[in-house]
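Undergrad: This one is start_30.txt, compact mmCIF, C-alpha atoms.
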```txt
# COMPACT_ATOMS: atom_id res chain seq x y z
CA MET P 3 156.67 99.29 126.96
CA CYS P 4 155.63 95.92 125.53
CA PHE P 5 152.03 94.82 125.15
CA THR P 6 151.00 91.26 124.53
CA ASN P 7 147.61 90.69 122.94
CA TYR P 8 145.49 87.85 124.24
CA PHE P 9 142.40 86.91 122.30
CA THR P 10 139.45 84.73 123.13
CA GLU P 11 136.29 83.81 121.29
CA ASN P 12 133.07 85.42 122.46
CA LYS P 13 131.12 82.18 122.96
CA ILE P 14 128.95 81.12 125.85
CA ASN P 15 129.70 77.45 125.19
CA GLY P 16 131.12 75.15 122.55
CA HIS P 17 127.91 75.24 120.53
CA GLY P 18 128.22 78.91 119.59
CA PHE P 19 129.66 79.93 116.24
CA VAL P 20 132.30 82.39 115.14
CA ASP P 21 133.16 84.08 111.86
CA GLY P 22 134.45 81.51 109.41
CA ASP P 23 132.39 78.62 110.75
CA VAL P 24 130.34 76.69 108.21
CA ILE P 25 126.93 75.45 109.29
CA THR P 26 124.43 73.25 107.49
CA SER P 27 120.89 74.57 107.39
CA LEU P 28 117.77 72.43 107.66
CA SER P 29 117.47 72.64 103.86
CA GLY P 30 120.92 71.09 103.48
CA LYS P 31 122.49 74.29 102.15
CA THR P 32 125.76 75.22 103.79
CA ILE P 33 126.31 78.73 105.14
CA GLU P 34 129.61 80.40 105.93
CA VAL P 35 129.17 82.61 108.97
CA THR P 36 130.60 85.99 108.03
CA ASN P 37 128.75 87.98 110.68
CA THR P 38 127.78 86.51 114.06
CA ASP P 39 125.41 89.44 114.60
CA ALA P 40 123.31 88.19 111.66
CA GLU P 41 122.05 85.13 113.50
CA GLY P 42 118.33 85.88 113.17
CA ARG P 43 118.35 85.15 109.45
CA LEU P 44 119.92 81.74 110.12
CA ILE P 45 117.02 80.78 112.38
CA LEU P 46 114.47 82.26 109.96
CA ALA P 47 115.99 80.28 107.07
CA ASP P 48 115.32 77.04 108.95
CA ALA P 49 111.81 78.22 109.88
CA LEU P 50 111.04 78.88 106.18
CA THR P 51 112.36 75.44 105.28
CA MET P 52 110.27 73.80 108.02
CA ALA P 53 107.09 75.61 106.93
CA GLN P 54 107.54 74.25 103.41
CA LYS P 55 108.35 70.74 104.70
CA LEU P 56 105.02 70.91 106.54
CA GLY P 57 103.25 71.72 103.27
CA ALA P 58 103.07 75.51 103.10
CA SER P 59 102.83 76.78 99.53
CA ARG P 60 102.47 80.43 100.60
CA VAL P 61 104.62 81.94 103.33
CA ILE P 62 104.66 85.32 105.06
CA ASP P 63 107.54 85.95 107.42
CA MET P 64 108.06 89.01 109.55
CA ALA P 65 111.16 90.05 111.50
CA THR P 66 113.05 93.03 112.86
CA LEU P 67 115.88 91.97 110.59
CA THR P 68 117.92 94.93 109.38
CA GLY P 69 118.89 98.40 110.45
CA ALA P 70 119.29 99.03 106.73
CA CYS P 71 115.52 99.01 106.34
CA VAL P 72 115.25 101.58 109.14
CA ARG P 73 117.80 103.80 107.41
CA ALA P 74 116.00 103.45 104.07
CA LEU P 75 112.38 103.78 105.19
CA GLY P 76 112.45 105.28 108.68
CA SER P 77 109.73 104.42 111.17
CA THR P 78 106.72 104.95 108.91
CA TYR P 79 107.05 102.29 106.21
CA THR P 80 107.56 98.56 106.63
CA GLY P 81 109.85 97.09 104.00
CA ILE P 82 108.27 94.29 101.97
CA PHE P 83 109.86 91.79 99.61
CA SER P 84 108.01 89.24 97.51
CA ASN P 85 108.72 86.70 94.81
CA ASP P 86 105.20 86.73 93.36
CA ASP P 87 103.03 89.67 92.27
CA SER P 88 99.80 87.65 92.58
CA PHE P 89 100.61 87.19 96.28
CA TYR P 90 102.01 90.69 96.83
CA LEU P 91 99.23 92.75 95.20
CA PRO P 92 96.38 91.51 97.45
CA PHE P 93 98.67 92.06 100.43
CA LEU P 94 99.28 95.63 99.24
CA GLY P 95 95.49 96.08 99.02
CA ALA P 96 95.09 94.84 102.60
CA SER P 97 97.80 97.23 103.75
CA LYS P 98 96.04 100.17 102.10
CA ALA P 99 92.75 99.17 103.74
CA THR P 100 94.36 99.10 107.20
CA LYS P 101 96.54 102.16 106.54
CA GLU P 102 99.66 100.25 107.59
CA GLN P 103 102.21 101.57 105.12
CA ILE P 104 104.55 99.25 103.22
CA TRP P 105 107.21 99.89 100.61
CA ARG P 106 108.36 97.21 98.22
CA LEU P 107 112.12 96.84 97.93
CA PRO P 108 114.03 94.88 95.30
CA VAL P 109 115.27 91.34 95.67
CA ASP P 110 116.82 90.10 92.45
CA GLU P 111 119.67 88.06 91.01
CA TYR P 112 122.24 90.74 91.82
CA PHE P 113 121.65 90.31 95.55
CA HIS P 114 121.51 86.52 95.26
CA SER P 115 124.86 86.46 93.45
CA GLU P 116 126.46 88.54 96.22
CA LEU P 117 125.61 85.74 98.68
CA LYS P 118 127.32 83.06 96.62
CA CYS P 119 130.92 84.24 97.04
CA SER P 120 132.05 81.73 99.67
CA LYS P 121 134.88 79.37 98.81
CA VAL P 122 133.74 76.87 101.46
CA ALA P 123 129.91 76.99 101.52
CA ASP P 124 126.85 77.49 99.34
CA LEU P 125 126.10 80.93 100.85
CA ILE P 126 127.43 83.57 103.20
CA ASN P 127 125.11 84.92 105.88
CA SER P 128 126.06 88.59 105.54
CA LYS P 129 128.12 90.99 103.49
CA THR P 130 129.03 94.63 103.99
CA LEU P 131 127.32 96.15 101.00
CA GLY P 132 124.85 98.89 100.30
CA GLY P 133 121.34 97.47 100.11
CA ASN P 134 121.65 95.16 103.09
CA ALA P 135 117.88 94.88 103.50
CA SER P 136 117.65 93.47 99.96
CA LEU P 137 120.69 91.28 100.55
CA THR P 138 119.07 89.84 103.66
CA ALA P 139 115.81 89.23 101.81
CA ALA P 140 117.77 87.46 99.08
CA PHE P 141 119.38 85.26 101.75
CA LEU P 142 115.92 84.28 103.00
CA GLU P 143 114.63 83.72 99.47
CA GLU P 144 117.43 81.18 98.96
CA PHE P 145 115.37 78.93 101.26
CA ILE P 146 112.09 79.37 99.37
CA GLU P 147 111.39 76.44 97.08
CA GLU P 148 110.32 76.80 93.47
CA GLY P 149 106.57 77.38 93.35
CA THR P 150 106.24 78.69 96.92
CA LYS P 151 104.81 82.20 97.08
CA TRP P 152 106.62 84.33 99.63
CA ILE P 153 106.43 87.70 101.37
CA HIS P 154 109.05 88.98 103.79
CA LEU P 155 108.24 91.96 106.02
CA ASP P 156 111.18 93.82 107.57
CA ILE P 157 109.58 95.56 110.54
CA ALA P 158 112.80 96.84 112.13
CA GLY P 159 111.73 100.47 111.82
CA THR P 160 108.02 100.07 112.49
CA SER P 161 107.85 97.47 115.26
CA ASP P 162 108.05 99.96 118.12
CA LYS P 163 107.37 103.59 118.86
CA ASP P 164 108.83 105.25 121.94
CA GLU P 165 109.99 101.80 123.11
CA VAL P 166 106.45 100.36 123.00
CA ALA P 167 105.54 97.56 120.58
CA THR P 168 103.22 98.71 117.80
CA GLY P 169 101.86 95.37 116.60
CA VAL P 170 102.61 96.58 113.09
CA MET P 171 101.35 94.46 110.18
CA ILE P 172 99.04 92.30 112.33
CA GLU P 173 95.93 94.10 111.07
CA THR P 174 97.17 93.85 107.48
CA ILE P 175 97.91 90.14 107.76
CA VAL P 176 94.47 89.50 109.30
CA ARG P 177 92.74 91.56 106.57
CA PHE P 178 94.78 89.75 103.89
CA LEU P 179 93.83 86.34 105.31
CA GLU P 180 90.16 87.31 105.61
CA ASN P 181 90.15 88.39 101.96
CA GLU P 182 91.94 85.21 100.87
CA CYS P 183 89.39 83.02 102.65
CA LYS P 184 86.33 84.66 101.02
```
Would you put the structure from the file into structure tokens?

TA:
Amino acid sequence: MCFTNYFTENKINGHGFVDGDVITSLSGKTIEVTNTDAEGRLILADALTMAQKLGASRVIDMATLTGACVRALGSTYTGIFSNDDSFYLPFLGASKATKEQIWRLPVDEYFHSELKCSKVADLINSKTLGGNASLTAAFLEEFIEEGTKWIHLDIAGTSDKDEVATGVMIETIVRFLENECK
């Protein structure tokens, strides 16, 4: 018996992307698509760039970005990443006041270097590696300009309970902003 394999791309139209494509982000950095399921971080990268273009010097982003954070922290703790302790520590205080639990995870040069292995672009958008939550945070941090204070909240494990949205981190963000405006 002889089988012939026929392959097609899984694209809705000609504007979709596939593994191996290189796209240019709003910041001008090029990204090699290595995982088409990691599209949310591509959109978030442009959103971070736009916020800074509009004058933001402090940015908090929140997304259900990685299953890795769920595996690491379960459904009780929200993963948090930050590039600035003076921004992070008051946020931690707000989280303690609201009893919304966070756990700080590392984002350092190791994870950044893992993203810079493309032969055709500045960055890759994903890599199969332990620590994918930190790798994803490092990808996002690549779009944070020098001097911009940044917090990333990975709410993948805490955003819903029994298929109902929890509104996680909203109280903490409000408390943090109230404290910052005093």

Undergrad: Find the residue from P:Gly57, P:Thr80, P:Ala139, P:Lys31 that sits nearest to Gly169 (chain P); use all atoms listed in the file when measuring.

TA: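 Among P:Gly57, P:Thr80, P:Ala139, P:Lys31, it is P:Thr80 that comes nearest to Gly169 (chain P).
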
Undergrad: Write out as a list of chain:residue names each polymer residue whose atoms come within 8 Å of Gly76 (chain P), counting all atoms listed in the file; drop sequence neighbours fewer than 4 positions from it.

TA: P:Cys71, P:Val72, P:Gly159, P:Thr160

Undergrad: Quick one: of P:Leu75, P:Leu94, P:Ile175, P:Ala167, who's nearest to Ala135 (chain P), counting only C-alpha atoms?

TA: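 Nearest to Ala135 (chain P): P:Leu75.
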
Undergrad: Which one of P:Ile104, P:Ser97, P:Glu116, P:Ile157 sits closest to Thr174 (chain P) if you count all atoms listed in the file?

TA: P:Ser97

Undergrad: If you measure from CA of Met64 (chain P) to CA of Leu46 (chain P), what distance in Å do you get, rounded to one decimal?

TA: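 Between CA of Met64 (chain P) and CA of Leu46 (chain P) the gap works out to 9.3 Å.
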
Undergrad: Compare P:Asn134, P:Asn181, P:Thr51, P:Ser115 by their minimum atom-to-atom distance to Leu67 (chain P), counting all atoms listed in the file, and give me the closest one.

TA: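 Between P:Asn134, P:Asn181, P:Thr51, P:Ser115, the residue approaching Leu67 (chain P) most closely is P:Asn134.
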
Undergrad: Find the distance between CA of Thr150 (chain P) and CA of Lys98 (chain P) and write it in Å to one decimal.

TA: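 Between CA of Thr150 (chain P) and CA of Lys98 (chain P) the gap is 24.3 Å.
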
Undergrad: Taking into account only C-alpha atoms, which residue in the set P:Trp152, P:Gly22, P:Lys55, P:Glu111 is nearest to Asp87 (chain P)?

TA: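 The shortest atom-to-atom distance to Asp87 (chain P) comes from P:Trp152.
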
Undergrad: Which value, in Å to one decimal, gives the distance between CA of Ala99 (chain P) and CA of Met171 (chain P)?

TA: 11.7 Å

Undergrad: With 12 Å as the threshold, what does the neighbourhood of (102.5, 83.7, 91.8) contain in terms of residues, counting only C-alpha atoms? Coordinates are those of the file; answer as a PDB file with C-alpha atoms, keeping the file's coordinate frame.

TA:
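What landed in point03.pdb:
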```pdb
ATOM      1  CA  SER P  59     102.830  76.780  99.530  1.00  0.00           C
ATOM      2  CA  ARG P  60     102.470  80.430 100.600  1.00  0.00           C
ATOM      3  CA  VAL P  61     104.620  81.940 103.330  1.00  0.00           C
ATOM      4  CA  SER P  84     108.010  89.240  97.510  1.00  0.00           C
ATOM      5  CA  ASN P  85     108.720  86.700  94.810  1.00  0.00           C
ATOM      6  CA  ASP P  86     105.200  86.730  93.360  1.00  0.00           C
ATOM      7  CA  ASP P  87     103.030  89.670  92.270  1.00  0.00           C
ATOM      8  CA  SER P  88      99.800  87.650  92.580  1.00  0.00           C
ATOM      9  CA  PHE P  89     100.610  87.190  96.280  1.00  0.00           C
ATOM     10  CA  TYR P  90     102.010  90.690  96.830  1.00  0.00           C
ATOM     11  CA  LEU P  91      99.230  92.750  95.200  1.00  0.00           C
ATOM     12  CA  PRO P  92      96.380  91.510  97.450  1.00  0.00           C
ATOM     13  CA  GLU P 148     110.320  76.800  93.470  1.00  0.00           C
ATOM     14  CA  GLY P 149     106.570  77.380  93.350  1.00  0.00           C
ATOM     15  CA  THR P 150     106.240  78.690  96.920  1.00  0.00           C
ATOM     16  CA  LYS P 151     104.810  82.200  97.080  1.00  0.00           C
ATOM     17  CA  TRP P 152     106.620  84.330  99.630  1.00  0.00           C
ATOM     18  CA  ILE P 153     106.430  87.700 101.370  1.00  0.00           C
TER      19      ILE P 153
END
```

Undergrad: For Asp21 (chain P), which residue among P:Lys184, P:Lys129, P:His114, P:Arg43 is the nearest when counting only C-alpha atoms?

TA: P:Lys129

Undergrad: Taking 2 positions as the minimum chain separation for residues in the same chain, which residues sit within 7 Å of Thr66 (chain P) when counting all atoms listed in the file? Answer as an mmCIF file with C-alpha atoms, in the coordinates of the input.

TA:
```cif
data_model
loop_
_atom_site.group_PDB
_atom_site.id
_atom_site.type_symbol
_atom_site.label_atom_id
_atom_site.label_comp_id
_atom_site.auth_asym_id
_atom_site.auth_seq_id
_atom_site.Cartn_x
_atom_site.Cartn_y
_atom_site.Cartn_z
ATOM 1 C CA THR P 68 117.920 94.930 109.380
ATOM 2 C CA ASP P 156 111.180 93.820 107.570
ATOM 3 C CA ILE P 157 109.580 95.560 110.540
ATOM 4 C CA ALA P 158 112.800 96.840 112.130
#
```

Undergrad: Do a neighbour search on region 120-126 of chain P at 7 Å with only C-alpha atoms, toss out local chain neighbours closer than 3 positions, and write the hits as a list of chain:residue names.

TA: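 Counting only C-alpha atoms, the residues come to P:Val24, P:Lys31, P:Thr32, P:Ile33, P:Glu34, P:Val35, P:Thr36, P:Leu117.
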
Undergrad: Around (116.0, 80.2, 103.2) in the file's frame, which residues reach within 8 Å when counting only C-alpha atoms? Return as a PyMOL selection string?

TA: chain P and resi 29+46-48+50-51+141-146

Undergrad: Ile82 (chain P): which residues within 6 Å, counting all atoms listed in the file, same-chain residues fewer than 3 positions away excluded, as a PyMOL selection string?

TA: chain P and resi 105-106+154-155

Undergrad: For region 60-79 of chain P, where the input has fewer atoms than it should, I would like N, CA and C atoms rebuilt and written as a compact mmCIF listing (two decimals), in the coordinates of the input.

TA:
```txt
# COMPACT_ATOMS: atom_id res chain seq x y z
N ARG P 60 102.42 78.97 100.49
CA ARG P 60 102.47 80.43 100.60
C ARG P 60 102.99 80.75 102.00
N VAL P 61 103.98 81.63 102.06
CA VAL P 61 104.62 81.94 103.33
C VAL P 61 104.76 83.44 103.49
N ILE P 62 104.38 83.93 104.66
CA ILE P 62 104.66 85.32 105.06
C ILE P 62 105.53 85.24 106.30
N ASP P 63 106.70 85.86 106.23
CA ASP P 63 107.54 85.95 107.42
C ASP P 63 107.73 87.41 107.78
N MET P 64 107.95 87.65 109.05
CA MET P 64 108.06 89.01 109.55
C MET P 64 109.15 89.02 110.62
N ALA P 65 110.07 89.98 110.52
CA ALA P 65 111.16 90.05 111.50
C ALA P 65 111.73 91.46 111.57
N THR P 66 112.30 91.77 112.71
CA THR P 66 113.05 93.03 112.86
C THR P 66 114.48 92.70 112.42
N LEU P 67 114.67 92.58 111.11
CA LEU P 67 115.88 91.97 110.59
C LEU P 67 117.03 92.92 110.30
N THR P 68 116.77 94.11 109.78
CA THR P 68 117.92 94.93 109.38
C THR P 68 117.75 96.40 109.77
N GLY P 69 118.83 96.96 110.25
CA GLY P 69 118.89 98.40 110.45
C GLY P 69 118.88 99.13 109.12
N ALA P 70 119.28 98.42 108.06
CA ALA P 70 119.29 99.03 106.73
C ALA P 70 117.89 99.45 106.31
N CYS P 71 116.90 98.66 106.68
CA CYS P 71 115.52 99.01 106.34
C CYS P 71 115.10 100.26 107.12
N VAL P 72 115.54 100.38 108.34
CA VAL P 72 115.25 101.58 109.14
C VAL P 72 115.87 102.80 108.48
N ARG P 73 117.12 102.67 108.05
CA ARG P 73 117.80 103.80 107.41
C ARG P 73 117.13 104.16 106.09
N ALA P 74 116.63 103.18 105.37
CA ALA P 74 116.00 103.45 104.07
C ALA P 74 114.58 104.00 104.21
N LEU P 75 113.81 103.46 105.14
CA LEU P 75 112.38 103.78 105.19
C LEU P 75 111.93 104.48 106.47
N GLY P 76 112.82 104.62 107.44
CA GLY P 76 112.45 105.28 108.68
C GLY P 76 111.48 104.44 109.50
N SER P 77 110.64 105.13 110.26
CA SER P 77 109.73 104.42 111.17
C SER P 77 108.28 104.46 110.69
N THR P 78 108.08 104.87 109.45
CA THR P 78 106.72 104.95 108.91
C THR P 78 106.37 103.76 108.02
N TYR P 79 107.31 103.36 107.18
CA TYR P 79 107.05 102.29 106.21
C TYR P 79 107.72 100.98 106.62
```
